[in-house]
Amino acid sequence: MIRRMATEEQAIPRFPDGFLWGVSTSAHQIEGAADERERSVWDAFTAEPGRVKDGSTAEVACDHYHRYREDVSLLAGLGVDAYRFSISWPRVRTDKGLDFYDRLVDELAAAGVRPVPTLFHWDLPVALQANGGWLHRDTAYRFAEYVSLVADRLGDRVKKWITLNEPAEHTLFGHALGAHAPGEKLMFDALPAAHHQLLGHGLAVQALRASGATDIGIANSHGPTWPASQEQPDVEAADFYDLLLNRLFAEPVLLGEYPSGLGDLMPGDVAADLKVISEPLDFYGVNYYAPTRVGAPKGEDIEFGGLTIPAELPFSVQEIEDVPVTDFGWPVVPEGLTELLTTFHERYGDRLPPVVITENGCSYEGVDDRARIAYLDGHVRALHRAVEAGVDVRGYFVWSLMDNFEWAEGYAQRFGLVHVDFETLARTPKASYGWYRELLRAQK
């Protein structure tokens with residue numbers, strides 16, 4: 001049974017001592033200062049008419065590059081333990097690019113907030129895309145070189161690292177369907193991008209270990225896949241979707257193998273690469289938003305969640321009925337988080353490291369955002385039920401600290417605990433910011 005989204009009266013149960021509470025952002029979505037870095041694939045993508053729904057770009061975004069002290073003050077006021085941000089590879093490629101992250105990390109340390117950088121969050125330098133991007137094996141090695149550079153500069157103060165953010169979405173939306181940068185519509189020919197991102201992850205883990213890092217993970221997006229019915233075509237379609245969006249990106253990392261013969265479709269010496277991809281991790285990051293209801297293909301394109309699902313795919317994505325939805329149209333199903341974590345716990349056993357929820361959040365308009373409070377309340381409770389069921393969960397990060405550039409949606413979707421006026425760039429904490437602050441105080 002699916003419970004309705006509602007804020008419950010009783011206090012949220014306490015999580016284990018040492019549990020890490022935080023918020024997340026990404027560089028391209030908030031930093032701005034585009035003239036002080038190299039161009040990324042997202043700069044090239046947004047320059048093409050019709051790629052972004054409101055025609056906007058991230059040239060200014062939230063101007064976090066110039067306003068980071070104000071934003072760190074918001075983090076300190078919120079009372080989070082940690083801040084997950086991403087490092088812009090195009091910015092690091094400039095002479096003074098790492099200076100900004102030096103300043104940011106120092107500011108976080110002074111505020112008592114632990115920095116948790118993600119090393120790749122979709123903003124590949126265009127110079128690397130011109131040489132093939134993630135479809136080309138060499139990009140994985142260039143990524144490892146960049147990671148070594150960052151770790152050598154920041155590793156004395158940064159202890160917790162994330163290699164990649166959501167390689168599944170970057171493969172599917174960016175390389176298979178063309179809805180995100182770099183805008184490729186390769187369908188199943190996009191699989192090399194998945195393999196090379198995973199190889200880059202493994203090489204990055206090796207580079208971080210060489211620099212002395214001892215707390216490394218990845219941020220993979222996952223969610224339960226529900227068949228539209230128990231009829232065989234729907235069940236088979238759902239199994240295939242789960243294979244592509246969940247197992248394809250979890251099992252090479254956790255088990256050192258691709259599921260169901262998918263390794264035969266990957267380039268290079270796959271067996272040797274898998275030894276690198278499966279370098280042991282200290283935690284496994286999970287970005288969770290919603291389950292997906294999947295059925296047999298319908299023989300026509302389907303518009304769903306802001307995407308066009310082509311008719312030629314061997315599945316269709318369908319609406320989950322009788323549940324609330326966010327302003328983005330995404331279903332609100334907190335129990336899906338419990339289901340996902342307990343399923344992974346049962347499926348992977350001791351091969352699953354401690355889990356950190358590296359993203360969880362929702363898009364709603366308004367500063368008095370009671371719907372967001374109800375969403376977060378339900379998901380934190382669902383997370384606690386997973387802990388009670390025996391899943392080793394070590395942290396939870398809300399997406400996102402502030403409203404930002406939401407990729408192909410532009411500025412139309414607001415995920416932040418802090419409202420941003422994109423004309424004046426004024427920050428205004430929302431009701432959900434206050435709610436999260438009080439939750440953290442109660443958990444201390």
# chains A, B, ... in the order shown; residues from 1 in each chain; ligands from 1

call {"tool": "closest_atom_pairs", "arguments": {"of": "stretch 88-196 of chain A", "to": "stretch 258-271 of chain A", "cutoff": "9 Å", "atoms": "only C-alpha atoms", "output": "Markdown table"}}
result
| residue | atom | partner | partner_atom | distance |
| --- | --- | --- | --- | --- |
| A:Arg137 | CA | A:Gly268 | CA | 8.5 |
| A:Leu191 | CA | A:Met266 | CA | 6.7 |
| A:Pro192 | CA | A:Met266 | CA | 5.9 |
| A:Ala194 | CA | A:Met266 | CA | 8.7 |
| A:His195 | CA | A:Met266 | CA | 6.5 |
| A:His196 | CA | A:Pro267 | CA | 8.7 |

call {"tool": "residues_around", "arguments": {"residues": "stretch 204-216 of chain A", "least_positions_apart": "3", "cutoff": "6 Å", "atoms": "only C-alpha atoms", "output": "PyMOL selection string"}}
result
chain A and resi 144+148+160-162+200-201+281-282

call {"tool": "residues_around", "arguments": {"residues": "stretch 65-77 of chain A", "least_positions_apart": "4", "cutoff": "7 Å", "atoms": "only C-alpha atoms", "output": "JSON, numbers by chain"}}
result
{"A": [31, 32, 33, 104, 107, 108, 111]}

call {"tool": "select_by_dssp", "arguments": {"residues": "stretch 239-361 of chain A", "states": "alpha helix (DSSP H)", "output": "PyMOL selection string"}}
result
chain A and resi 239-242+248-254+270-277+335-348

call {"tool": "write_last_selection", "arguments": {"atoms": "N, CA and C atoms", "output": "compact mmCIF listing (two decimals), in the first residue's frame"}}
result
# COMPACT_ATOMS: atom_id res chain seq x y z
N ASP A 239 11.92 -5.48 -16.08
CA ASP A 239 13.22 -6.10 -15.76
C ASP A 239 14.33 -5.48 -16.62
N PHE A 240 14.02 -5.22 -17.88
CA PHE A 240 15.04 -4.64 -18.76
C PHE A 240 15.37 -3.21 -18.35
N TYR A 241 14.35 -2.45 -18.00
CA TYR A 241 14.57 -1.08 -17.53
C TYR A 241 15.42 -1.09 -16.27
N ASP A 242 15.11 -1.97 -15.34
CA ASP A 242 15.89 -2.09 -14.10
C ASP A 242 17.34 -2.45 -14.41
N LEU A 248 23.08 -1.98 -14.30
CA LEU A 248 24.20 -1.67 -15.19
C LEU A 248 25.23 -0.77 -14.51
N PHE A 249 24.79 0.09 -13.60
CA PHE A 249 25.70 1.03 -12.98
C PHE A 249 26.08 0.63 -11.55
N ALA A 250 25.33 -0.28 -10.95
CA ALA A 250 25.69 -0.75 -9.61
C ALA A 250 26.62 -1.95 -9.65
N GLU A 251 26.34 -2.91 -10.50
CA GLU A 251 27.04 -4.20 -10.40
C GLU A 251 28.49 -4.18 -10.87
N PRO A 252 28.86 -3.39 -11.89
CA PRO A 252 30.29 -3.29 -12.18
C PRO A 252 31.09 -2.72 -11.01
N VAL A 253 30.49 -1.76 -10.31
CA VAL A 253 31.16 -1.13 -9.17
C VAL A 253 31.18 -2.06 -7.96
N LEU A 254 30.05 -2.70 -7.67
CA LEU A 254 29.93 -3.50 -6.45
C LEU A 254 30.40 -4.94 -6.62
N VAL A 270 37.22 -5.67 -21.40
CA VAL A 270 36.22 -5.44 -20.36
C VAL A 270 36.62 -6.10 -19.05
N ALA A 271 37.15 -7.31 -19.11
CA ALA A 271 37.54 -8.01 -17.88
C ALA A 271 38.60 -7.22 -17.12
N ALA A 272 39.58 -6.70 -17.82
CA ALA A 272 40.62 -5.90 -17.17
C ALA A 272 40.04 -4.60 -16.64
N ASP A 273 39.15 -3.97 -17.41
CA ASP A 273 38.55 -2.72 -16.97
C ASP A 273 37.71 -2.92 -15.71
N LEU A 274 37.00 -4.04 -15.63
CA LEU A 274 36.15 -4.28 -14.47
C LEU A 274 36.96 -4.39 -13.18
N LYS A 275 38.18 -4.84 -13.27
CA LYS A 275 39.03 -4.89 -12.07
C LYS A 275 39.31 -3.48 -11.56
N VAL A 276 39.39 -2.53 -12.48
CA VAL A 276 39.60 -1.13 -12.09
C VAL A 276 38.28 -0.52 -11.61
N ILE A 277 37.22 -0.77 -12.35
CA ILE A 277 35.90 -0.21 -12.01
C ILE A 277 35.46 -0.63 -10.61
N GLU A 335 8.03 5.45 0.34
CA GLU A 335 8.26 4.04 0.59
C GLU A 335 9.19 3.41 -0.45
N GLY A 336 9.29 4.06 -1.62
CA GLY A 336 10.21 3.57 -2.62
C GLY A 336 11.65 3.62 -2.16
N LEU A 337 11.97 4.57 -1.30
CA LEU A 337 13.34 4.66 -0.78
C LEU A 337 13.62 3.48 0.14
N THR A 338 12.69 3.16 1.00
CA THR A 338 12.86 1.98 1.86
C THR A 338 13.01 0.72 1.01
N GLU A 339 12.13 0.58 0.02
CA GLU A 339 12.17 -0.60 -0.85
C GLU A 339 13.50 -0.71 -1.58
N LEU A 340 13.96 0.42 -2.13
CA LEU A 340 15.22 0.40 -2.86
C LEU A 340 16.37 -0.05 -1.97
N LEU A 341 16.48 0.52 -0.80
CA LEU A 341 17.63 0.23 0.07
C LEU A 341 17.58 -1.20 0.60
N THR A 342 16.41 -1.67 0.98
CA THR A 342 16.33 -3.04 1.47
C THR A 342 16.57 -4.04 0.33
N THR A 343 16.15 -3.69 -0.89
CA THR A 343 16.43 -4.55 -2.05
C THR A 343 17.92 -4.64 -2.31
N PHE A 344 18.61 -3.51 -2.29
CA PHE A 344 20.06 -3.51 -2.49
C PHE A 344 20.77 -4.28 -1.38
N HIS A 345 20.28 -4.13 -0.15
CA HIS A 345 20.86 -4.83 0.99
C HIS A 345 20.75 -6.34 0.80
N GLU A 346 19.59 -6.79 0.32
CA GLU A 346 19.38 -8.21 0.10
C GLU A 346 20.13 -8.70 -1.14
N ARG A 347 20.16 -7.90 -2.18
CA ARG A 347 20.75 -8.31 -3.46
C ARG A 347 22.27 -8.39 -3.39
N TYR A 348 22.90 -7.42 -2.70
CA TYR A 348 24.36 -7.32 -2.76
C TYR A 348 25.05 -7.69 -1.45

call {"tool": "closest_residue", "arguments": {"among": "A:Tyr375, A:Trp21, A:Phe173, A:Tyr288", "to": "A:Ile309", "atoms": "only C-alpha atoms"}}
result
A:Phe173
